[in-house]
Every structure is written in structure tokens, then in C-alpha cells.
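This report concerns only the one structure given below.
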Amino acid sequence: MEIRPVGTADRDGWQSMWNAYCADQGFGVSAQASETIWRRIEDPDNPTNAMIAVGATGIPLGFINFIIHPYTWSDRLLCFLVDLYVDHSRRRQGTGQAMIAHLAAYGCSQGWLRIYWNADRSNRQARALYDRIARLSPYLSYYLDL
């Protein structure tokens with residue numbers, strides 16, 4: 001398995017997995033919104049980024065979308081891991097953990113302070129992984145739709 005930043009050639013693989021991820025989450029994301037997200041990922045001046053995991057034959061196995069941003073309590077940047085998706089056929093084989101470890105190694109090389117993410121309380125499979133590799137935040141997550 002290779003984990004690397006996405007490139008233009010990864011568009012179709014990312015899009016296919018993105019569509020599956022949105023379906024798994026029960027969200028209907030418009031084609032226009034998906035196009036905007038991809039343009040942000042490809043724009044080196046935008047803080048939105050993505051990495052992709054591919055198998056030995058080049059088949060996409062999973063992706064992570066993340067946003068790098070400043071933090072008011074430090075001069076170091078934070079990484080918000082927004083989306084993590086692993087193809088159903090690759091789940092429970094270490095792909096998700098490997099992608100997070102790869103992102104963490106990259107973040108260390110970039111001098112980030114931390115990576116953080118949200119998890120659905122009911123997603124026991126994902127939370128079992130997260131509980132092994134990270135600390136649960138004491139903070140609750142609130143949001144205000146605009």
C-alpha cells in the first residue's frame with residue numbers, strides 16, 4: 001500500500017470513494033459541491049488537502065481530507081482531519097490506522113501542533129481504532145448552521 005498526497009490523476013478514484021463515503025454518511029453532496037472540494041484540494045494556496053491510499057495495482061483503498069489552520073494558543077498550525085474513508089473491502093486491515101500514521105508523520109515534518117477529528121458516537125468500529133491511537137477530547141462539539 002502506498003499513501004501519498006492526491007494528484008490530478010487521482011481525481012476519478014477520489015471521486016468514486018468520496019461518493020461512497022457520502023452515501024455511507026447519509027449525505028447527498030451535489031456535483032457542484034464535490035467539484036468545489038476537489039478544486040480546493042488541488043489549489044496549493046488553499047488549506048484543504050487530501051491523501052490517498054492505493055494498493056500495489058493502483059486501486060484506491062481510502063482517502064483522508066484535511067484542513068491546516070492556525071491556532072490562537074500556539075504559533076504552530078493544527079490539522080483538522082475532516083474525512084476519513086476506507087473502501088469496504090479494506091476495512092479492519094489497518095488501512096485507516098496507516099493513513100492516520102502517515103498524516104501524523106507528515107505533520108511532524110511540517111511542525112504541526114496536533115491533528116484532531118470528530119467521530120460519530122455510534123460508529124463503534126471507527127472509535128475502537130481512535131481510542132487505541134489517540135486521546136478522546138474532553139470538549140463537546142457544537143455547531144451552528146448558517
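How things are named: the first chain in the C-alpha cells is A, the next is B, and so on; residues count from 1 in each chain; ligands count from 1 in the order shown.
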Residues near stretch 37-42 of chain A, anyone? I mean within 8 Å using only C-alpha atoms, not counting same-chain ones fewer than 5 positions away, as a PyMOL selection string. chain A and resi 7-8+11+47-50
Taking into account only C-alpha atoms, which residue in the set A:Gly62, A:Gly111, A:Pro70, A:Gly28 is nearest to A:Gln93? A:Gly62
Residues of chain A in alpha helix (DSSP H) according to DSSP, as a PyMOL selection string? chain A and resi 11-25+31-42+95-110+124-133
Show which residues sit within 10 Å of stretch 131-143 of chain A, as a PDB file with all heavy atoms, in the first residue's frame. Count only C-alpha atoms, and ignore same-chain residues fewer than 3 positions away.
```
ATOM      1  N   GLN A  97      -5.693   3.193  10.071  1.00  0.00           N
ATOM      2  CA  GLN A  97      -4.607   3.487  11.013  1.00  0.00           C
ATOM      3  C   GLN A  97      -3.350   3.908  10.265  1.00  0.00           C
ATOM      4  O   GLN A  97      -2.657   4.840  10.676  1.00  0.00           O
ATOM      5  CB  GLN A  97      -4.336   2.274  11.891  1.00  0.00           C
ATOM      6  CG  GLN A  97      -3.289   2.542  12.951  1.00  0.00           C
ATOM      7  CD  GLN A  97      -3.163   1.407  13.950  1.00  0.00           C
ATOM      8  OE1 GLN A  97      -3.986   0.501  13.993  1.00  0.00           O
ATOM      9  NE2 GLN A  97      -2.135   1.483  14.775  1.00  0.00           N
ATOM     10  N   ILE A 100      -3.748   7.526   9.062  1.00  0.00           N
ATOM     11  CA  ILE A 100      -3.583   8.497  10.145  1.00  0.00           C
ATOM     12  C   ILE A 100      -2.107   8.585  10.545  1.00  0.00           C
ATOM     13  O   ILE A 100      -1.578   9.681  10.771  1.00  0.00           O
ATOM     14  CB  ILE A 100      -4.476   8.133  11.346  1.00  0.00           C
ATOM     15  CG1 ILE A 100      -5.954   8.313  10.973  1.00  0.00           C
ATOM     16  CG2 ILE A 100      -4.135   9.014  12.553  1.00  0.00           C
ATOM     17  CD1 ILE A 100      -6.933   7.789  12.015  1.00  0.00           C
ATOM     18  N   ALA A 101      -1.413   7.460  10.626  1.00  0.00           N
ATOM     19  CA  ALA A 101       0.016   7.463  10.971  1.00  0.00           C
ATOM     20  C   ALA A 101       0.820   8.221   9.924  1.00  0.00           C
ATOM     21  O   ALA A 101       1.748   8.969  10.262  1.00  0.00           O
ATOM     22  CB  ALA A 101       0.531   6.029  11.108  1.00  0.00           C
ATOM     23  N   ILE A 115      -3.168  16.919  15.344  1.00  0.00           N
ATOM     24  CA  ILE A 115      -4.239  16.543  14.429  1.00  0.00           C
ATOM     25  C   ILE A 115      -5.452  16.253  15.298  1.00  0.00           C
ATOM     26  O   ILE A 115      -5.330  15.608  16.343  1.00  0.00           O
ATOM     27  CB  ILE A 115      -3.878  15.276  13.624  1.00  0.00           C
ATOM     28  CG1 ILE A 115      -2.631  15.504  12.772  1.00  0.00           C
ATOM     29  CG2 ILE A 115      -5.058  14.843  12.740  1.00  0.00           C
ATOM     30  CD1 ILE A 115      -2.070  14.223  12.166  1.00  0.00           C
ATOM     31  N   TYR A 116      -6.603  16.720  14.870  1.00  0.00           N
ATOM     32  CA  TYR A 116      -7.828  16.406  15.599  1.00  0.00           C
ATOM     33  C   TYR A 116      -8.946  16.084  14.614  1.00  0.00           C
ATOM     34  O   TYR A 116      -8.870  16.432  13.436  1.00  0.00           O
ATOM     35  CB  TYR A 116      -8.227  17.557  16.539  1.00  0.00           C
ATOM     36  CG  TYR A 116      -8.665  18.820  15.836  1.00  0.00           C
ATOM     37  CD1 TYR A 116     -10.032  19.124  15.722  1.00  0.00           C
ATOM     38  CD2 TYR A 116      -7.757  19.708  15.282  1.00  0.00           C
ATOM     39  CE1 TYR A 116     -10.446  20.279  15.078  1.00  0.00           C
ATOM     40  CE2 TYR A 116      -8.163  20.857  14.646  1.00  0.00           C
ATOM     41  CZ  TYR A 116      -9.517  21.145  14.544  1.00  0.00           C
ATOM     42  OH  TYR A 116      -9.927  22.277  13.909  1.00  0.00           O
ATOM     43  N   TRP A 117      -9.965  15.367  15.095  1.00  0.00           N
ATOM     44  CA  TRP A 117     -11.082  14.989  14.234  1.00  0.00           C
ATOM     45  C   TRP A 117     -12.306  14.717  15.084  1.00  0.00           C
ATOM     46  O   TRP A 117     -12.219  14.593  16.298  1.00  0.00           O
ATOM     47  CB  TRP A 117     -10.732  13.774  13.382  1.00  0.00           C
ATOM     48  CG  TRP A 117     -10.359  12.528  14.126  1.00  0.00           C
ATOM     49  CD1 TRP A 117     -11.198  11.530  14.545  1.00  0.00           C
ATOM     50  CD2 TRP A 117      -9.048  12.127  14.543  1.00  0.00           C
ATOM     51  NE1 TRP A 117     -10.502  10.541  15.187  1.00  0.00           N
ATOM     52  CE2 TRP A 117      -9.174  10.876  15.197  1.00  0.00           C
ATOM     53  CE3 TRP A 117      -7.776  12.696  14.426  1.00  0.00           C
ATOM     54  CZ2 TRP A 117      -8.086  10.198  15.732  1.00  0.00           C
ATOM     55  CZ3 TRP A 117      -6.692  12.013  14.957  1.00  0.00           C
ATOM     56  CH2 TRP A 117      -6.860  10.782  15.600  1.00  0.00           C
ATOM     57  N   ASN A 118     -13.447  14.637  14.424  1.00  0.00           N
ATOM     58  CA  ASN A 118     -14.709  14.285  15.052  1.00  0.00           C
ATOM     59  C   ASN A 118     -15.061  12.853  14.674  1.00  0.00           C
ATOM     60  O   ASN A 118     -14.664  12.369  13.620  1.00  0.00           O
ATOM     61  CB  ASN A 118     -15.844  15.212  14.586  1.00  0.00           C
ATOM     62  CG  ASN A 118     -15.626  16.641  15.025  1.00  0.00           C
ATOM     63  OD1 ASN A 118     -15.169  16.904  16.126  1.00  0.00           O
ATOM     64  ND2 ASN A 118     -15.963  17.577  14.159  1.00  0.00           N
ATOM     65  N   ALA A 126     -14.993   2.604  14.117  1.00  0.00           N
ATOM     66  CA  ALA A 126     -14.008   3.679  13.971  1.00  0.00           C
ATOM     67  C   ALA A 126     -13.501   4.133  15.337  1.00  0.00           C
ATOM     68  O   ALA A 126     -12.299   4.344  15.526  1.00  0.00           O
ATOM     69  CB  ALA A 126     -14.618   4.855  13.210  1.00  0.00           C
ATOM     70  N   ARG A 127     -14.389   4.254  16.298  1.00  0.00           N
ATOM     71  CA  ARG A 127     -13.983   4.730  17.618  1.00  0.00           C
ATOM     72  C   ARG A 127     -13.056   3.747  18.317  1.00  0.00           C
ATOM     73  O   ARG A 127     -12.181   4.154  19.092  1.00  0.00           O
ATOM     74  CB  ARG A 127     -15.208   5.038  18.462  1.00  0.00           C
ATOM     75  CG  ARG A 127     -15.938   6.290  17.936  1.00  0.00           C
ATOM     76  CD  ARG A 127     -17.057   6.736  18.817  1.00  0.00           C
ATOM     77  NE  ARG A 127     -16.525   7.107  20.124  1.00  0.00           N
ATOM     78  CZ  ARG A 127     -17.265   7.157  21.222  1.00  0.00           C
ATOM     79  NH1 ARG A 127     -18.543   6.853  21.184  1.00  0.00           N
ATOM     80  NH2 ARG A 127     -16.719   7.508  22.365  1.00  0.00           N
ATOM     81  N   ALA A 128     -13.184   2.460  18.028  1.00  0.00           N
ATOM     82  CA  ALA A 128     -12.258   1.481  18.610  1.00  0.00           C
ATOM     83  C   ALA A 128     -10.837   1.766  18.133  1.00  0.00           C
ATOM     84  O   ALA A 128      -9.881   1.709  18.916  1.00  0.00           O
ATOM     85  CB  ALA A 128     -12.685   0.064  18.230  1.00  0.00           C
ATOM     86  N   LEU A 146     -25.700  27.877   9.369  1.00  0.00           N
ATOM     87  CA  LEU A 146     -25.954  29.237   8.868  1.00  0.00           C
ATOM     88  C   LEU A 146     -26.626  29.191   7.518  1.00  0.00           C
ATOM     89  O   LEU A 146     -26.499  28.271   6.777  1.00  0.00           O
ATOM     90  CB  LEU A 146     -24.630  29.999   8.750  1.00  0.00           C
ATOM     91  CG  LEU A 146     -23.823  30.091  10.042  1.00  0.00           C
ATOM     92  CD1 LEU A 146     -22.508  30.799   9.778  1.00  0.00           C
ATOM     93  CD2 LEU A 146     -24.602  30.815  11.112  1.00  0.00           C
TER      94      LEU A 146
END
```
Closest of A:Met1, A:Leu103, A:Cys108, A:Cys22 to A:Leu61 - atom-to-atom distances counting only C-alpha atoms: A:Met1
